[in-house]
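Chemist: What follows is protein-v6.txt; its format and atoms are compact mmCIF, C-alpha atoms.
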# COMPACT_ATOMS: atom_id res chain seq x y z
CA MET A 1 36.93 -49.29 56.15
CA GLU A 2 40.08 -47.95 57.80
CA VAL A 3 41.98 -46.24 55.04
CA LYS A 4 44.01 -43.01 55.01
CA ILE A 5 43.32 -40.89 51.93
CA VAL A 6 45.40 -37.83 51.08
CA LEU A 7 43.18 -35.21 49.40
CA ALA A 8 45.36 -32.90 47.29
CA PRO A 9 43.27 -31.13 44.63
CA ASP A 10 43.80 -27.78 42.94
CA SER A 11 40.92 -25.30 42.82
CA PHE A 12 38.13 -25.96 40.33
CA LYS A 13 38.30 -22.53 38.70
CA GLU A 14 35.22 -20.33 39.28
CA SER A 15 33.54 -23.21 41.12
CA MET A 16 35.45 -23.97 44.35
CA ALA A 17 38.78 -23.24 46.01
CA SER A 18 41.09 -26.19 46.64
CA LYS A 19 40.14 -26.20 50.34
CA GLU A 20 36.44 -26.49 49.41
CA ALA A 21 37.29 -29.30 46.98
CA CYS A 22 38.98 -31.18 49.85
CA GLU A 23 35.85 -30.72 51.98
CA ALA A 24 33.51 -31.94 49.21
CA MET A 25 35.67 -35.03 48.61
CA GLU A 26 35.70 -35.88 52.32
CA LYS A 27 31.91 -35.56 52.61
CA GLY A 28 31.45 -38.07 49.80
CA ILE A 29 34.10 -40.45 51.16
CA LYS A 30 32.56 -40.44 54.66
CA LYS A 31 29.11 -41.32 53.30
CA ALA A 32 30.56 -44.49 51.81
CA ALA A 33 33.26 -45.20 54.42
CA PRO A 34 32.67 -43.42 57.76
CA ASP A 35 35.89 -44.86 59.23
CA ALA A 36 38.15 -43.48 56.48
CA THR A 37 40.72 -40.86 57.51
CA CYS A 38 41.08 -37.88 55.17
CA VAL A 39 44.13 -35.60 55.20
CA HIS A 40 43.56 -32.26 53.44
CA VAL A 41 46.40 -30.72 51.42
CA PRO A 42 44.93 -27.85 49.34
CA MET A 43 47.14 -27.51 46.25
CA ALA A 44 47.91 -25.13 43.38
CA ASP A 45 50.47 -24.96 40.55
CA GLY A 46 51.98 -21.52 41.17
CA GLY A 47 49.27 -19.65 39.26
CA GLU A 48 46.13 -17.96 40.52
CA GLY A 49 44.99 -19.40 43.86
CA THR A 50 48.47 -20.44 45.02
CA MET A 51 48.53 -17.92 47.87
CA GLN A 52 45.13 -19.09 49.15
CA SER A 53 46.11 -22.78 48.88
CA LEU A 54 49.40 -22.38 50.76
CA VAL A 55 47.82 -20.21 53.43
CA ASP A 56 45.03 -22.81 53.86
CA ALA A 57 47.47 -25.74 53.83
CA THR A 58 49.73 -24.21 56.49
CA GLY A 59 47.13 -22.46 58.70
CA GLY A 60 48.39 -18.99 57.80
CA GLU A 61 46.59 -15.69 57.22
CA ILE A 62 45.77 -13.36 54.34
CA ARG A 63 46.05 -9.58 54.71
CA SER A 64 44.71 -6.79 52.52
CA LEU A 65 46.46 -3.59 51.51
CA GLN A 66 45.70 -0.66 49.21
CA VAL A 67 48.43 -0.38 46.58
CA THR A 68 49.13 1.34 43.26
CA GLY A 69 47.46 -0.66 40.48
CA PRO A 70 48.91 -1.25 37.00
CA LEU A 71 47.46 2.04 35.67
CA GLY A 72 48.62 4.04 38.69
CA ASN A 73 45.20 4.07 40.37
CA PRO A 74 44.65 2.63 43.88
CA VAL A 75 43.55 -1.04 44.08
CA MET A 76 43.02 -3.42 47.00
CA ALA A 77 45.52 -6.27 46.91
CA GLN A 78 46.43 -9.14 49.21
CA TYR A 79 49.49 -10.87 50.60
CA GLY A 80 49.74 -13.99 52.74
CA ILE A 81 51.77 -15.07 55.74
CA LEU A 82 52.19 -18.85 55.96
CA GLY A 83 51.60 -20.79 59.16
CA ASP A 84 55.28 -20.69 60.16
CA GLY A 85 54.99 -16.89 60.58
CA LYS A 86 58.29 -16.48 58.71
CA THR A 87 57.25 -16.94 55.07
CA GLY A 88 55.39 -14.33 53.05
CA ILE A 89 53.57 -15.10 49.81
CA ILE A 90 52.28 -12.78 47.11
CA GLU A 91 50.76 -13.14 43.67
CA MET A 92 51.85 -10.26 41.47
CA SER A 93 48.47 -10.38 39.70
CA SER A 94 46.79 -9.24 42.93
CA ALA A 95 48.47 -5.84 42.54
CA SER A 96 49.58 -5.70 38.89
CA GLY A 97 47.36 -8.20 37.11
CA ILE A 98 45.76 -7.92 33.69
CA HIS A 99 42.29 -8.44 35.21
CA LEU A 100 42.70 -5.01 36.87
CA VAL A 101 42.87 -3.24 33.49
CA PRO A 102 39.73 -2.91 31.31
CA SER A 103 40.51 -4.32 27.84
CA GLU A 104 40.18 -0.94 26.12
CA GLN A 105 42.75 0.58 28.51
CA ARG A 106 45.44 -2.10 28.17
CA ASN A 107 48.76 -0.47 27.34
CA PRO A 108 52.05 -2.03 28.48
CA LEU A 109 53.91 1.20 27.70
CA ILE A 110 52.41 2.69 30.88
CA THR A 111 51.45 -0.21 33.20
CA THR A 112 53.63 -0.66 36.29
CA THR A 113 54.64 -3.32 38.82
CA TYR A 114 54.87 -0.66 41.57
CA GLY A 115 51.98 -2.25 43.53
CA THR A 116 53.77 -5.61 43.54
CA GLY A 117 56.75 -3.84 45.11
CA GLN A 118 54.44 -2.42 47.79
CA LEU A 119 53.24 -5.96 48.63
CA ILE A 120 56.88 -7.09 48.91
CA LYS A 121 57.54 -4.15 51.26
CA ALA A 122 54.51 -5.12 53.39
CA CYS A 123 55.99 -8.62 53.80
CA LEU A 124 59.35 -7.09 54.79
CA ASP A 125 57.55 -4.87 57.32
CA TYR A 126 55.97 -8.02 58.79
CA GLY A 127 59.48 -9.45 59.25
CA VAL A 128 59.48 -12.43 56.88
CA GLU A 129 62.65 -14.45 56.33
CA LYS A 130 61.38 -16.02 53.09
CA LEU A 131 59.25 -14.65 50.29
CA LEU A 132 57.37 -16.66 47.65
CA ILE A 133 56.23 -14.70 44.61
CA GLY A 134 53.85 -16.00 41.93
CA ILE A 135 54.26 -14.02 38.72
CA GLY A 136 51.48 -15.17 36.38
CA GLY A 137 48.76 -12.97 34.88
CA SER A 138 50.61 -9.65 34.61
CA ALA A 139 49.41 -6.49 32.85
CA THR A 140 52.95 -5.13 32.71
CA ASN A 141 56.07 -5.01 30.54
CA ASP A 142 58.37 -2.89 32.72
CA GLY A 143 61.07 -5.43 33.62
CA GLY A 144 60.17 -5.06 37.30
CA ALA A 145 61.12 -1.36 37.25
CA GLY A 146 58.04 -0.53 39.36
CA VAL A 147 59.11 -3.03 42.02
CA VAL A 148 62.56 -1.40 42.18
CA GLN A 149 60.95 2.05 42.59
CA ALA A 150 58.54 0.86 45.30
CA LEU A 151 61.46 -0.57 47.29
CA GLY A 152 63.40 2.72 47.25
CA GLY A 153 65.53 2.31 44.12
CA LYS A 154 65.81 5.26 41.73
CA LEU A 155 65.79 4.84 37.97
CA LEU A 156 67.19 8.08 36.58
CA ASP A 157 67.41 9.65 33.12
CA GLN A 158 70.48 11.59 31.95
CA ASP A 159 69.20 14.75 33.69
CA GLY A 160 68.93 12.88 37.02
CA LYS A 161 65.12 12.81 36.90
CA GLU A 162 63.18 9.71 37.98
CA LEU A 163 61.54 7.72 35.21
CA CYS A 164 57.75 7.63 35.07
CA PHE A 165 55.90 4.30 35.24
CA GLY A 166 55.83 1.74 32.44
CA GLY A 167 57.94 -0.13 29.91
CA GLY A 168 57.69 2.85 27.54
CA GLU A 169 60.08 4.82 29.76
CA LEU A 170 62.97 2.36 29.98
CA ASN A 171 64.79 3.73 26.91
CA LYS A 172 65.50 6.89 28.96
CA LEU A 173 67.26 4.96 31.73
CA HIS A 174 70.74 6.33 32.32
CA MET A 175 71.54 5.35 35.89
CA ILE A 176 70.28 2.95 38.58
CA ASP A 177 70.67 4.40 42.09
CA LEU A 178 70.26 1.75 44.81
CA THR A 179 71.57 3.80 47.76
CA GLU A 180 68.07 3.90 49.31
CA PHE A 181 66.97 0.44 48.12
CA ASP A 182 65.42 -1.51 51.03
CA PRO A 183 68.40 -3.19 52.78
CA ARG A 184 66.15 -5.87 54.36
CA ILE A 185 65.94 -7.62 50.98
CA LYS A 186 69.52 -8.90 51.46
CA ASN A 187 68.38 -11.01 54.43
CA VAL A 188 65.34 -12.59 52.75
CA VAL A 189 65.32 -15.73 50.58
CA VAL A 190 63.18 -15.01 47.51
CA GLU A 191 61.66 -17.87 45.49
CA VAL A 192 59.67 -17.13 42.35
CA ALA A 193 56.98 -19.44 40.93
CA CYS A 194 57.66 -19.25 37.21
CA ASP A 195 56.54 -21.79 34.62
CA VAL A 196 57.90 -20.13 31.48
CA ASN A 197 61.48 -20.16 30.21
CA ASN A 198 61.25 -17.12 27.94
CA PRO A 199 64.32 -14.86 27.79
CA LEU A 200 63.92 -11.13 28.39
CA CYS A 201 64.29 -9.98 24.77
CA GLY A 202 64.00 -11.15 21.19
CA GLU A 203 61.35 -13.14 19.35
CA LYS A 204 60.75 -15.44 22.31
CA GLY A 205 61.07 -12.61 24.83
CA ALA A 206 58.56 -10.84 27.07
CA SER A 207 57.40 -8.19 24.59
CA HIS A 208 56.97 -10.37 21.49
CA VAL A 209 55.32 -13.35 23.17
CA PHE A 210 53.19 -11.74 25.88
CA GLY A 211 52.95 -8.06 24.82
CA PRO A 212 50.03 -8.44 22.39
CA GLN A 213 47.70 -9.97 25.02
CA LYS A 214 48.47 -6.97 27.26
CA GLY A 215 47.37 -4.52 24.56
CA ALA A 216 50.62 -3.98 22.61
CA THR A 217 50.42 -3.23 18.89
CA ALA A 218 53.17 -4.53 16.55
CA GLU A 219 54.91 -1.14 16.77
CA MET A 220 54.68 -1.12 20.59
CA VAL A 221 56.13 -4.64 20.74
CA GLN A 222 59.25 -3.46 18.87
CA ARG A 223 59.59 -0.43 21.14
CA LEU A 224 59.09 -2.41 24.35
CA ASP A 225 61.60 -5.05 23.26
CA ALA A 226 64.22 -2.39 22.45
CA ASN A 227 63.54 -0.72 25.82
CA LEU A 228 64.02 -3.95 27.77
CA LYS A 229 67.25 -4.55 25.85
CA HIS A 230 68.47 -1.08 26.87
CA TYR A 231 67.39 -1.76 30.49
CA ALA A 232 69.32 -5.06 30.51
CA GLY A 233 72.37 -3.27 29.08
CA ILE A 234 72.37 -0.67 31.89
CA ILE A 235 71.91 -3.45 34.48
CA TYR A 236 74.92 -5.31 33.05
CA LYS A 237 77.07 -2.18 32.83
CA GLN A 238 76.30 -0.90 36.34
CA LEU A 239 75.50 -4.03 38.36
CA GLY A 240 77.48 -6.65 36.43
CA LYS A 241 74.49 -8.97 36.08
CA ASP A 242 73.69 -10.44 32.66
CA VAL A 243 69.98 -11.34 32.50
CA ILE A 244 69.09 -10.79 28.87
CA ASN A 245 69.07 -14.52 28.04
CA ALA A 246 68.39 -15.97 31.49
CA PRO A 247 65.59 -18.59 31.26
CA GLY A 248 62.41 -17.10 32.78
CA ALA A 249 63.71 -13.51 32.70
CA GLY A 250 60.92 -12.65 30.25
CA ALA A 251 58.14 -13.90 32.55
CA ALA A 252 55.50 -11.33 33.59
CA GLY A 253 56.78 -8.65 31.22
CA GLY A 254 60.36 -8.99 32.42
CA LEU A 255 59.49 -9.07 36.13
CA GLY A 256 61.41 -12.38 36.17
CA ALA A 257 64.56 -10.45 35.25
CA GLY A 258 63.86 -7.74 37.84
CA LEU A 259 63.46 -10.29 40.64
CA LEU A 260 66.64 -12.15 39.59
CA VAL A 261 68.68 -8.94 39.61
CA PHE A 262 67.32 -6.80 42.43
CA LEU A 263 65.93 -9.41 44.86
CA ASN A 264 68.43 -12.17 44.10
CA GLY A 265 65.43 -14.42 43.42
CA THR A 266 65.48 -18.06 42.35
CA LEU A 267 63.00 -19.09 39.67
CA LYS A 268 61.26 -22.44 40.29
CA ARG A 269 58.38 -24.38 38.78
CA GLY A 270 55.18 -23.41 40.57
CA ILE A 271 54.00 -26.94 41.33
CA ASP A 272 57.44 -27.82 42.81
CA LEU A 273 57.26 -24.84 45.19
CA VAL A 274 53.76 -25.79 46.34
CA ILE A 275 54.74 -29.44 46.85
CA GLU A 276 57.67 -28.28 48.99
CA TYR A 277 55.75 -25.80 51.16
CA THR A 278 52.74 -28.08 51.77
CA ARG A 279 55.12 -30.92 52.77
CA LEU A 280 53.10 -33.10 50.39
CA GLU A 281 55.75 -35.78 50.03
CA GLU A 282 55.91 -36.45 53.77
CA ILE A 283 52.09 -36.64 53.98
CA VAL A 284 51.72 -38.90 50.92
CA LYS A 285 54.35 -41.31 52.29
CA ASN A 286 52.07 -41.99 55.28
CA GLY A 287 48.82 -42.33 53.31
CA ASP A 288 47.20 -45.31 51.59
CA MET A 289 45.96 -43.53 48.47
CA VAL A 290 45.91 -40.06 46.93
CA TRP A 291 42.95 -38.15 45.42
CA THR A 292 43.55 -35.04 43.35
CA GLY A 293 41.79 -33.02 40.65
CA GLU A 294 41.03 -29.63 39.11
CA GLY A 295 38.51 -27.94 36.84
CA SER A 296 39.83 -29.41 33.59
CA ILE A 297 42.03 -32.43 32.93
CA ASP A 298 43.42 -33.30 29.49
CA PHE A 299 46.76 -34.16 27.84
CA GLN A 300 48.15 -30.73 28.88
CA THR A 301 47.83 -31.74 32.55
CA GLN A 302 51.23 -33.46 32.21
CA PHE A 303 52.95 -30.07 31.72
CA GLY A 304 53.31 -28.77 35.28
CA LYS A 305 49.64 -28.94 36.33
CA THR A 306 48.65 -29.89 39.87
CA PRO A 307 47.14 -33.38 39.37
CA TYR A 308 50.20 -34.61 37.49
CA GLY A 309 52.62 -33.07 39.99
CA VAL A 310 50.72 -34.66 42.90
CA ALA A 311 50.59 -38.02 41.09
CA THR A 312 54.33 -37.92 40.40
CA VAL A 313 54.98 -37.60 44.15
CA ALA A 314 52.47 -40.39 44.92
CA LYS A 315 54.07 -42.80 42.44
CA LYS A 316 57.45 -42.38 44.16
CA TYR A 317 55.80 -44.29 47.03
CA ASN A 318 53.60 -46.57 44.87
CA LYS A 319 50.36 -45.01 46.07
CA PRO A 320 47.21 -45.33 43.92
CA VAL A 321 46.05 -41.99 42.46
CA ILE A 322 42.49 -41.00 41.53
CA ALA A 323 41.76 -37.67 39.82
CA PHE A 324 38.49 -35.74 39.46
CA ALA A 325 37.66 -33.02 36.94
CA GLY A 326 34.77 -30.81 35.89
CA ARG A 327 35.84 -31.38 32.30
CA VAL A 328 37.71 -34.43 31.04
CA GLY A 329 39.35 -33.48 27.74
CA GLU A 330 41.27 -35.21 24.97
CA ASP A 331 44.10 -37.75 25.03
CA ILE A 332 44.09 -38.39 28.77
CA ASP A 333 45.64 -41.83 28.22
CA VAL A 334 49.06 -40.08 28.41
CA LEU A 335 48.30 -39.44 32.10
CA TYR A 336 47.72 -43.08 33.08
CA GLU A 337 51.41 -43.65 33.74
CA LYS A 338 50.98 -41.57 36.91
CA ILE A 339 47.21 -41.28 37.45
CA ASP A 340 45.34 -44.59 37.85
CA ALA A 341 41.84 -43.31 37.02
CA VAL A 342 40.18 -40.02 36.01
CA PHE A 343 36.53 -39.28 36.81
CA GLY A 344 34.40 -36.46 35.43
CA ILE A 345 32.03 -35.04 38.06
CA ILE A 346 29.29 -33.49 35.88
CA GLN A 347 25.90 -35.17 36.45
CA GLY A 348 24.15 -34.99 33.07
CA VAL A 349 23.91 -32.32 30.38
CA ILE A 350 23.80 -28.85 31.98
CA SER A 351 24.99 -25.32 31.24
CA LEU A 352 28.48 -24.19 32.24
CA GLU A 353 26.95 -21.76 34.75
CA ALA A 354 24.98 -24.57 36.42
CA ALA A 355 28.01 -26.90 36.38
CA LEU A 356 30.17 -24.30 38.17
CA LYS A 357 27.44 -23.67 40.74
CA GLN A 358 26.89 -27.37 41.41
CA GLY A 359 30.62 -28.19 41.53
CA PRO A 360 30.92 -28.98 45.25
CA VAL A 361 27.77 -31.17 45.27
CA ASN A 362 28.84 -32.98 42.09
CA LEU A 363 32.33 -33.61 43.48
CA GLU A 364 30.85 -34.96 46.71
CA LYS A 365 28.52 -37.36 44.84
CA THR A 366 31.30 -38.59 42.54
CA ALA A 367 33.67 -39.06 45.48
CA GLU A 368 31.01 -41.13 47.26
CA ASN A 369 30.56 -43.40 44.24
CA VAL A 370 34.30 -43.84 43.75
CA MET A 371 34.68 -44.70 47.44
CA ARG A 372 31.95 -47.33 47.13
CA LEU A 373 33.94 -48.84 44.25
CA VAL A 374 37.17 -48.73 46.31
CA LYS A 375 35.42 -50.57 49.17
CA MET A 376 34.40 -53.40 46.84
Turn this file's structure into structure tokens for me.
Modeler:
Amino acid sequence: MEVKIVLAPDSFKESMASKEACEAMEKGIKKAAPDATCVHVPMADGGEGTMQSLVDATGGEIRSLQVTGPLGNPVMAQYGILGDGKTGIIEMSSASGIHLVPSEQRNPLITTTYGTGQLIKACLDYGVEKLLIGIGGSATNDGGAGVVQALGGKLLDQDGKELCFGGGELNKLHMIDLTEFDPRIKNVVVEVACDVNNPLCGEKGASHVFGPQKGATAEMVQRLDANLKHYAGIIYKQLGKDVINAPGAGAAGGLGAGLLVFLNGTLKRGIDLVIEYTRLEEIVKNGDMVWTGEGSIDFQTQFGKTPYGVATVAKKYNKPVIAFAGRVGEDIDVLYEKIDAVFGIIQGVISLEAALKQGPVNLEKTAENVMRLVKM
């Protein structure tokens, strides 16, 4: 059966990367239809795994670097260079993520984004012209102050001393000195994968909404919020940029605001960025059908998740869409406007551990069965 199938799944979390999911799907398809052509487009939605997916999709490379972790200790982090050799990609969680801080040590008064700034600098050293930054999963609430410091900016108190790390220091900020800030930033286009619209401060801001999961007590939340407000006030006074209510400024503990101000970044929905950089639309246009999927699919999939984003592109060109999931949750009928059919891949009643381990085999078997149905 000569058919061209575009395979565009996200990762199946803790089971297989999106590239492996593509491979498993193709194995199953080929068993049922050896003549089928499969085009792999590993996907992500801007969260964890986006760097790997875009590097895989474009034939790029991933590099490792020791940086300053959120608590000031050294950690190994990664950054990617896409296949064009001109676009760098980083996930802030690689350097400044909450998974790097043991739960009993979580304290957003002291955690820093300095390591994220070091990854940005590494991309500048490589000579990138574009920089994609994913900002989910942060341990920080410093408004991107650490990034500014890592790139040569000085955040000074009224005695001219540099501020220490963390959101707990921002109330002391008196002056922002950018005379030694990395000039190469001006020549780089910065795009930020950001799926939240939270402002920097207030009840819907960084500290109130995300502070508690990073270890902030009610008292710390008030202090951090006041500090970010002070920080935004100094930015407005000295740099003339008003970010306090900018949508997305509160993402990643205010890193959204820092990237808007100091890197002239543009905030975009993660799935939209990935669709653009994988050239998905162009590929889908030339295919006969589209297969997607991820670890869990339910009614929330419609809110910026990969399968729905992929299906939206496919439906522009009237292509049939099939989705696969480890777990099929509630109210998936809301997805049928874009996704024609959803298949769970679990073969029988097994433990979560076993299901994750058997993911690639289960996806292959389900893909084979679906392909047999398609052939009919």
Chemist: Residues of range 70-158 of chain A within 10 Å of range 219-226 of chain A: nearest atom pair and distance (Å, one decimal) for each, counting all atoms listed in the file, sorted by chain and number, as CSV?
Modeler:
residue,atom,partner,partner_atom,distance
A:Asn107,CA,A:Met220,CA,9.0
A:Pro108,CA,A:Leu224,CA,8.2
A:Leu109,CA,A:Leu224,CA,7.1
A:Asn141,CA,A:Leu224,CA,7.4
A:Asp142,CA,A:Leu224,CA,8.4
A:Gly143,CA,A:Leu224,CA,9.9
Chemist: Each residue of range 135-202 of chain A lying at most 9 Å from range 28-51 of chain A should get a row with its shortest atom-to-atom pair and the distance in Å to one decimal, counting all atoms listed in the file; could you produce that, ordered by chain and increasing number, as a Markdown table?
Modeler:
| residue | atom | partner | partner_atom | distance |
| --- | --- | --- | --- | --- |
| A:Ile135 | CA | A:Gly47 | CA | 7.5 |
| A:Gly136 | CA | A:Gly47 | CA | 5.8 |
| A:Gly137 | CA | A:Glu48 | CA | 8.0 |
| A:Val192 | CA | A:Gly46 | CA | 8.9 |
| A:Ala193 | CA | A:Gly46 | CA | 5.4 |
| A:Cys194 | CA | A:Gly46 | CA | 7.3 |
| A:Asp195 | CA | A:Gly46 | CA | 8.0 |
Chemist: Write out as a tab-separated table (two decimals) with C-alpha atoms, in the coordinates of the input each polymer residue whose atoms come within 7 Å of range 292-295 of chain A, counting only C-alpha atoms; drop sequence neighbours fewer than 5 positions from it.
Modeler:
chain	number	residue	atom	x	y	z
A	7	LEU	CA	43.18	-35.21	49.40
A	8	ALA	CA	45.36	-32.90	47.29
A	9	PRO	CA	43.27	-31.13	44.63
A	10	ASP	CA	43.80	-27.78	42.94
A	11	SER	CA	40.92	-25.30	42.82
A	12	PHE	CA	38.13	-25.96	40.33
A	13	LYS	CA	38.30	-22.53	38.70
A	307	PRO	CA	47.14	-33.38	39.37
A	322	ILE	CA	42.49	-41.00	41.53
A	323	ALA	CA	41.76	-37.67	39.82
A	324	PHE	CA	38.49	-35.74	39.46
A	325	ALA	CA	37.66	-33.02	36.94
A	326	GLY	CA	34.77	-30.81	35.89
A	327	ARG	CA	35.84	-31.38	32.30
Chemist: Choose the residue, out of A:Ala314, A:Leu156, A:Val67, A:Val3, that has the smallest atom-to-atom separation from Gln118 in chain A; count only C-alpha atoms.
Modeler: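 Nearest to Gln118 in chain A: A:Val67.
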Chemist: For Thr87 in chain A, which residue out of A:Pro70, A:Gly60, A:Gly152, A:Gly202 is the nearest one, using only C-alpha atoms?
Modeler: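 For Thr87 in chain A, the nearest of the candidates is A:Gly60.
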Chemist: Using only C-alpha atoms, pick whichever of A:Met16, A:Ala341, A:Ala251, A:Leu151 has the shortest atom-to-atom distance to Ala311 in chain A.
Modeler: A:Ala341
Chemist: Closest to Val370 in chain A among A:Val321, A:Ile350, A:Leu273, A:Ala218, using only C-alpha atoms?
Modeler: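 Comparing A:Val321, A:Ile350, A:Leu273, A:Ala218 against Val370 in chain A, the winner is A:Val321.
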Chemist: Can you complete the atoms of range 95-108 of chain A to N, CA and C atoms and list them as an mmCIF file, in the frame of the given file?
Modeler:
data_model
loop_
_atom_site.group_PDB
_atom_site.id
_atom_site.type_symbol
_atom_site.label_atom_id
_atom_site.label_comp_id
_atom_site.auth_asym_id
_atom_site.auth_seq_id
_atom_site.Cartn_x
_atom_site.Cartn_y
_atom_site.Cartn_z
ATOM 1 N N ALA A 95 48.176 -7.274 42.590
ATOM 2 C CA ALA A 95 48.470 -5.840 42.540
ATOM 3 C C ALA A 95 48.655 -5.311 41.129
ATOM 4 N N SER A 96 49.172 -6.165 40.229
ATOM 5 C CA SER A 96 49.580 -5.700 38.890
ATOM 6 C C SER A 96 49.038 -6.585 37.780
ATOM 7 N N GLY A 97 47.893 -7.226 38.048
ATOM 8 C CA GLY A 97 47.360 -8.200 37.110
ATOM 9 C C GLY A 97 46.550 -7.607 35.971
ATOM 10 N N ILE A 98 46.469 -8.376 34.887
ATOM 11 C CA ILE A 98 45.760 -7.920 33.690
ATOM 12 C C ILE A 98 44.260 -7.769 33.943
ATOM 13 N N HIS A 99 43.726 -8.541 34.911
ATOM 14 C CA HIS A 99 42.290 -8.440 35.210
ATOM 15 C C HIS A 99 41.935 -7.083 35.829
ATOM 16 N N LEU A 100 42.947 -6.331 36.267
ATOM 17 C CA LEU A 100 42.700 -5.010 36.870
ATOM 18 C C LEU A 100 42.619 -3.896 35.828
ATOM 19 N N VAL A 101 42.865 -4.252 34.561
ATOM 20 C CA VAL A 101 42.870 -3.240 33.490
ATOM 21 C C VAL A 101 41.769 -3.551 32.478
ATOM 22 N N PRO A 102 40.768 -2.675 32.323
ATOM 23 C CA PRO A 102 39.730 -2.910 31.310
ATOM 24 C C PRO A 102 40.387 -3.069 29.940
ATOM 25 N N SER A 103 39.836 -3.976 29.094
ATOM 26 C CA SER A 103 40.510 -4.320 27.840
ATOM 27 C C SER A 103 40.821 -3.111 26.957
ATOM 28 N N GLU A 104 39.934 -2.114 26.974
ATOM 29 C CA GLU A 104 40.180 -0.940 26.120
ATOM 30 C C GLU A 104 41.285 -0.024 26.662
ATOM 31 N N GLN A 105 41.695 -0.263 27.919
ATOM 32 C CA GLN A 105 42.750 0.580 28.510
ATOM 33 C C GLN A 105 44.103 -0.137 28.603
ATOM 34 N N ARG A 106 44.189 -1.337 28.057
ATOM 35 C CA ARG A 106 45.440 -2.100 28.170
ATOM 36 C C ARG A 106 46.546 -1.476 27.333
ATOM 37 N N ASN A 107 47.648 -1.154 28.015
ATOM 38 C CA ASN A 107 48.760 -0.470 27.340
ATOM 39 C C ASN A 107 50.037 -0.707 28.129
ATOM 40 N N PRO A 108 50.847 -1.706 27.715
ATOM 41 C CA PRO A 108 52.050 -2.030 28.480
ATOM 42 C C PRO A 108 53.151 -0.981 28.434
#
